Structure formats: C-alpha cells, structure tokens
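Engineer: Sending over a structure as structure tokens; questions will come in a sec.
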Amino acid sequence: MGNGKYRYSEELDKINRMIVLGPGCFISTKELVTELQMLELPINIRLTCYGAHINGEEEYVLEAVKKARELDPNHIFIKTRGFPVGDPRRCRAKRKGAREGFHQLQAEYQLLPHVSYALEHMKRVEVTRPKRVSVDEFKDVMNEVCPENSTNTE
C-alpha cells in the first residue's frame, strides 16, 4: 500500500486520506466536515456519502485525521487514497459510473460494524505458536496424501 503521495501530479508534496464514518457513528458526514473546517487548516475537504476526502500537505492532513478520529474513535476509519480529489482519472462525474475501488470500499464498509464491536469490546488474547513440523513428518504426510509423488529417497 502506498503512502498516499501523488505519483503523477504537480502536487508531489501533498497527501490524501479518506475518512469513513462506520455504521453507528455518533456524527454525520456534514458534522464531520464542519468539524474539519473549524480547524482552519490549509487542506481541501470534500464531503462524500461515507465521510470525507481530505488532501493537502502531510502535516496538516495528519493533524485533521487525528482530530477526526477523536470525534468517535471506534466508528471513524481512515484510508489512504492515491489520487487527489476531483482527479479526472478517478472522478465518477467524468468517468460516468462508479469509481474504481468503490466496490472494494463498499465491501469493507460492510465489515466495519464488526471492527467497531471489536474496538468497543477489546479482550486480551493469548496466541500460542503452533509447533513446527519436522521434515521427516512432512515427508510422511506427503507420502500418505500423494503416494504417486513419493518423496522416499530410501
């Protein structure tokens, strides 16, 4: 995954982030945009159906992202976007139809209630590493499963 900097643009010093409000979020997209505007940072903000796109110089965008997450940390999610707002290569107004990647975002959005639930009900989990299988044991299993490709070297 990239760092959000524009590769083929005059604005190589700018980054872009998508702010996605998950289901159950305590604020609306308009309230989000209003909060971002009240920061008075030199960034571009675009209201979207699922949150907002912001772009600008890295330090200001990251500050805006931090402030946005503070509004509802368990229901506001941030995603890197590689193209500036309104870029003709991605803008659906110019391409006539869903933006590339929109269906992926839609699929991810359906998982957000589960992510929010996990964030709200965090539990400590102990994970034990499985023991390694010896080479001889692996060969035995392979010989059982695929006798025609026997690895016997005896």
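Residues are named by chain letter and number: chains run A, B, ... in the order of the structure tokens, numbers start at 1 in each chain, and ligands are numbered from 1 in the order shown.
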Please run DSSP on the backbone and report, as a list in words, all residues within chain A that come out as strand (DSSP E).
Structural biologist: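 Matching residues for strand (DSSP E) in chain A are Lys14, Ile15, Asn16, Arg17, Met18, Ile19, Val20, Leu21, Ile43, Asn44, Ile45, Arg46, Leu47, Thr48, Gly51, Ala52, His53, Ile54, Asn55, Gly56, Glu57, Ile76, Phe77, Ile78, Lys79 and Thr80 of chain A.
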Engineer: Restricting it to C-alpha atoms, dump the selection as a PDB file, in the first residue's frame.
Structural biologist:
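As a result, out_28.pdb now contains:
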ATOM      1  CA  LYS A  14       0.520  16.606  -0.876  1.00  0.00           C
ATOM      2  CA  ILE A  15      -1.215  13.543   0.565  1.00  0.00           C
ATOM      3  CA  ASN A  16      -4.808  12.392   0.521  1.00  0.00           C
ATOM      4  CA  ARG A  17      -6.931  10.483   3.025  1.00  0.00           C
ATOM      5  CA  MET A  18     -10.450   9.125   3.038  1.00  0.00           C
ATOM      6  CA  ILE A  19     -12.337   9.433   6.306  1.00  0.00           C
ATOM      7  CA  VAL A  20     -15.054   6.793   6.514  1.00  0.00           C
ATOM      8  CA  LEU A  21     -17.824   7.000   9.096  1.00  0.00           C
ATOM      9  CA  ILE A  43      -6.424  21.486   3.409  1.00  0.00           C
ATOM     10  CA  ASN A  44      -9.039  20.634   0.800  1.00  0.00           C
ATOM     11  CA  ILE A  45     -12.118  18.888   2.184  1.00  0.00           C
ATOM     12  CA  ARG A  46     -14.778  17.151   0.128  1.00  0.00           C
ATOM     13  CA  LEU A  47     -17.966  15.745   1.612  1.00  0.00           C
ATOM     14  CA  THR A  48     -18.763  12.210   0.422  1.00  0.00           C
ATOM     15  CA  GLY A  51     -17.455  10.643   5.146  1.00  0.00           C
ATOM     16  CA  ALA A  52     -14.920  12.953   3.549  1.00  0.00           C
ATOM     17  CA  HIS A  53     -11.827  13.148   1.380  1.00  0.00           C
ATOM     18  CA  ILE A  54      -9.104  15.467   2.581  1.00  0.00           C
ATOM     19  CA  ASN A  55      -5.900  16.437   0.882  1.00  0.00           C
ATOM     20  CA  GLY A  56      -3.078  18.861   1.469  1.00  0.00           C
ATOM     21  CA  GLU A  57       0.372  18.988   2.974  1.00  0.00           C
ATOM     22  CA  ILE A  76     -14.321   6.606  12.283  1.00  0.00           C
ATOM     23  CA  PHE A  77     -11.833   4.927   9.967  1.00  0.00           C
ATOM     24  CA  ILE A  78      -9.054   6.366   7.826  1.00  0.00           C
ATOM     25  CA  LYS A  79      -7.906   5.050   4.467  1.00  0.00           C
ATOM     26  CA  THR A  80      -5.126   6.207   2.162  1.00  0.00           C
TER      27      THR A  80
END
Engineer: Which neighbours of Leu41 (chain A) fall inside 9 Å, counting only C-alpha atoms, when residues of the same chain fewer than 5 positions from it are skipped, and could you give them as JSON, numbers by chain?
Structural biologist: {"A": [36, 60, 61, 63, 64]}
Engineer: Take the residues from that selection and write them out as a PDB file, in the first residue's frame, keeping C-alpha atoms.
Structural biologist:
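And here's part12.pdb as it stands now:
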ATOM      1  CA  LEU A  36     -12.696  19.721   9.906  1.00  0.00           C
ATOM      2  CA  TYR A  60      -1.992  19.308   8.108  1.00  0.00           C
ATOM      3  CA  VAL A  61      -3.756  16.242   6.727  1.00  0.00           C
ATOM      4  CA  GLU A  63      -3.499  16.640  12.103  1.00  0.00           C
ATOM      5  CA  ALA A  64      -7.005  16.677  10.590  1.00  0.00           C
TER       6      ALA A  64
END
Engineer: Counting only C-alpha atoms, what is within 10 Å of Ser28 (chain A), bar same-chain residues fewer than 3 positions away, as a short mmCIF file (atom, residue, chain, number, x, y, z; two decimals) with C-alpha atoms, in the first residue's frame?
Structural biologist:
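Below you can see selection10.cif, which holds the result:
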data_model
loop_
_atom_site.label_atom_id
_atom_site.label_comp_id
_atom_site.auth_asym_id
_atom_site.auth_seq_id
_atom_site.Cartn_x
_atom_site.Cartn_y
_atom_site.Cartn_z
CA LEU A 21 -17.82 7.00 9.10
CA CYS A 25 -21.06 6.64 14.22
CA GLU A 31 -20.88 17.38 11.13
CA LEU A 32 -17.53 15.78 10.29
CA VAL A 33 -16.87 18.28 7.51
CA THR A 34 -17.91 21.17 9.76
CA CYS A 49 -21.63 9.81 1.05
CA TYR A 50 -19.50 7.83 3.53
CA GLY A 51 -17.45 10.64 5.15
#
Engineer: What is the distance between CA of Gly86 (chain A) and CA of Leu62 (chain A), in Å to one decimal?
Structural biologist: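 Computing the Euclidean distance for CA of Gly86 (chain A) and CA of Leu62 (chain A) yields 20.2 Å.
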